[in-house]
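J.: Have a look at this one.
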Amino acid sequence: MIPLLSSFLAGLLFAIGLAVGGMTQPARVVGFLDVSGGAWDPSLGFVMAGAVASYGVALFFARRRERPVLAARFLLPTRQDLPPRLFVGAGLFGVGWAIAGFCPGPALAGAGAGVPQAWVFLPAMAAGMLLLQAWERRAVSRPSAPREEPRSGGRTPRTPQPGPPAPASTPATSTA
Amino acid sequence: MTDFSVLTPLAGGALIGLAAGLLLLLHGRVAGISGILAGLLTPRSGEVAWRAAFAGGLLFGGLAVGALVPQAFAVDLVRSPFAIAAAGLLVGVGTRLGSGCTSGHGVCGIPRGSRRSLLATATFMTAGAATAAAVTHLAGGTL
């Protein structure tokens, strides 16, 4: 019950942060992305800076712990590779982001607030995710076309080390 | 539309980082919203409850803030439903192909020093800037 409640509260806090930062208003997101426009809106940059700084504090404390408070282990991405799909995907995401002014978080919060555009955006986004998944599954079933990246890969459990405690502040290289 | 105040967006960002930080410290998880939602679309055992709770918190947060401060959700962009749907499709495909979105790569990946996240963020920011400029100058700001 406590893990679920804390996840719920983290989501709630996330939505409040998005709204305070103005990121639930698509025009402000596009106003940041469009540096060519007459009246540039720097808000998104400040939101990102504030988020990166405060998440950095959480990371500092997380790296001093063997395991999270309510779970058995940290599950953080460890991949370092730079395949083409990372850039193609990020590029496609950027195009869609700038068209609607929504990324997944604000779209979800907007749906909660009853914004009609968010209710058009979210099902389309879910369809896009499922579409890619179906396409990847098809690619896997053909042995001649090996998958570029395993879907379940990229996340390695960080288990507590036996023996002398490994310096918890150094996984910067392993958990990048 | 243009508000050049600095402290409000910084405070909003700090709250976002705090929320993502709670998920990290309590659950050991990355608060990547596209990944969390994708995990709900193809449920695996043990991977549903915390995702649903987080997504529910985001939905409920939107509901609560929208009820108290409706202008926080103002949509001043002129976009047809078709354009919004196309954008959603691109975001869905793009975030899965690129393993993350603004939250997973930007908020959580960059502080971790992830090269993948830094480059992904630079890529979607650049693609977004080019697209936004194209909409303004080629389409007159509406789609």
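We label chains A, B, ... in the order they appear in the structure tokens, count residues from 1 in each chain, and number ligands from 1 in the order shown.
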From a backbone DSSP assignment, name each residue in range 7-120 of chain A labelled alpha helix (DSSP H), as a PyMOL selection string.
T.: chain A and resi 7-20+26-33+43-62+84-100+104-112+116-120
J.: Considering only C-alpha atoms, return as a count of residues only whatever protein or nucleic-acid residues lie within 6 Å of range 30-38 of chain B, sequence-local ones (same chain, fewer than 3 positions apart) excluded.
T.: 7
J.: Could you give me, as a ChimeraX atom specification, the residues within 9 Å of range 16-26 of chain A, counting only C-alpha atoms and dropping anything in the same chain fewer than 3 positions from it?
T.: /A:11-13,29-31,43-44,46-47,98,100-102,105-107,109-110 /B:8-19,58,61-62,64-66,71-77
J.: Just C-alpha atoms for this one: save the residues we selected as a CSV table (one decimal), in the first residue's frame.
T.:
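Listing of selection03.csv after writing:
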chain,number,residue,atom,x,y,z
A,11,GLY,CA,3.0,11.3,-10.1
A,12,LEU,CA,0.8,14.0,-8.4
A,13,LEU,CA,3.9,16.1,-7.5
A,29,VAL,CA,6.4,24.7,-25.0
A,30,VAL,CA,6.3,25.7,-28.6
A,31,GLY,CA,7.2,29.3,-27.6
A,43,SER,CA,10.4,28.9,-19.4
A,44,LEU,CA,11.1,25.4,-20.6
A,46,PHE,CA,14.4,27.1,-16.6
A,47,VAL,CA,12.1,24.2,-15.9
A,98,ALA,CA,6.7,20.7,-31.5
A,100,ALA,CA,1.2,19.4,-30.5
A,101,GLY,CA,3.2,21.1,-27.7
A,102,PHE,CA,2.7,18.0,-25.7
A,105,GLY,CA,3.8,13.9,-19.1
A,106,PRO,CA,1.9,17.1,-19.9
A,107,ALA,CA,-0.4,15.1,-22.1
A,109,ALA,CA,-1.8,15.7,-16.8
A,110,GLY,CA,-3.8,17.5,-19.5
B,8,THR,CA,8.3,30.2,-11.2
B,9,PRO,CA,9.6,27.8,-14.0
B,10,LEU,CA,12.6,27.1,-11.8
B,11,ALA,CA,10.3,26.1,-8.9
B,12,GLY,CA,8.2,24.0,-11.2
B,13,GLY,CA,11.2,22.2,-12.5
B,14,ALA,CA,12.5,21.7,-8.9
B,15,LEU,CA,9.1,20.0,-8.1
B,16,ILE,CA,9.4,17.8,-11.2
B,17,GLY,CA,13.0,16.8,-10.1
B,18,LEU,CA,11.8,16.1,-6.6
B,19,ALA,CA,8.9,13.9,-7.9
B,58,LEU,CA,-0.3,12.5,-12.9
B,61,GLY,CA,-2.7,16.0,-10.4
B,62,GLY,CA,-4.0,17.4,-13.7
B,64,ALA,CA,-6.9,18.8,-9.2
B,65,VAL,CA,-4.7,21.6,-10.6
B,66,GLY,CA,-7.2,22.1,-13.5
B,71,GLN,CA,-5.7,28.7,-17.0
B,72,ALA,CA,-2.7,26.4,-16.1
B,73,PHE,CA,-4.1,24.1,-18.9
B,74,ALA,CA,-4.8,26.8,-21.5
B,75,VAL,CA,-4.3,25.6,-25.1
B,76,ASP,CA,-3.5,28.7,-27.2
B,77,LEU,CA,-2.1,26.8,-30.2
J.: Tell me, in Å to one decimal, how far CA of Val69 in chain A is from CA of His27 in chain B.
T.: 6.7 Å
J.: Give me, as a ChimeraX atom specification, the residues of chain A that a backbone DSSP run labels strand (DSSP E).
T.: /A:74-77,155-158
J.: Just how far from CA of Ala134 in chain B is CA of Thr102 in chain B, in Å to one decimal?
T.: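 According to the coordinates, CA of Thr102 in chain B and CA of Ala134 in chain B are separated by 21.2 Å.
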J.: Under the rule that only C-alpha atoms are counted, which of A:Cys103, A:Leu76, A:Leu33, A:Leu131 is the nearest residue to Ala122 in chain B?
T.: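 Looking only at the distances to Ala122 in chain B, the closest residue turns out to be A:Leu33.
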J.: Rounded to one decimal, what separation in Å do you get between CA of Glu136 in chain A and CA of Ala124 in chain A?
T.: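 Going from CA of Glu136 in chain A over to CA of Ala124 in chain A, I get 18.3 Å.
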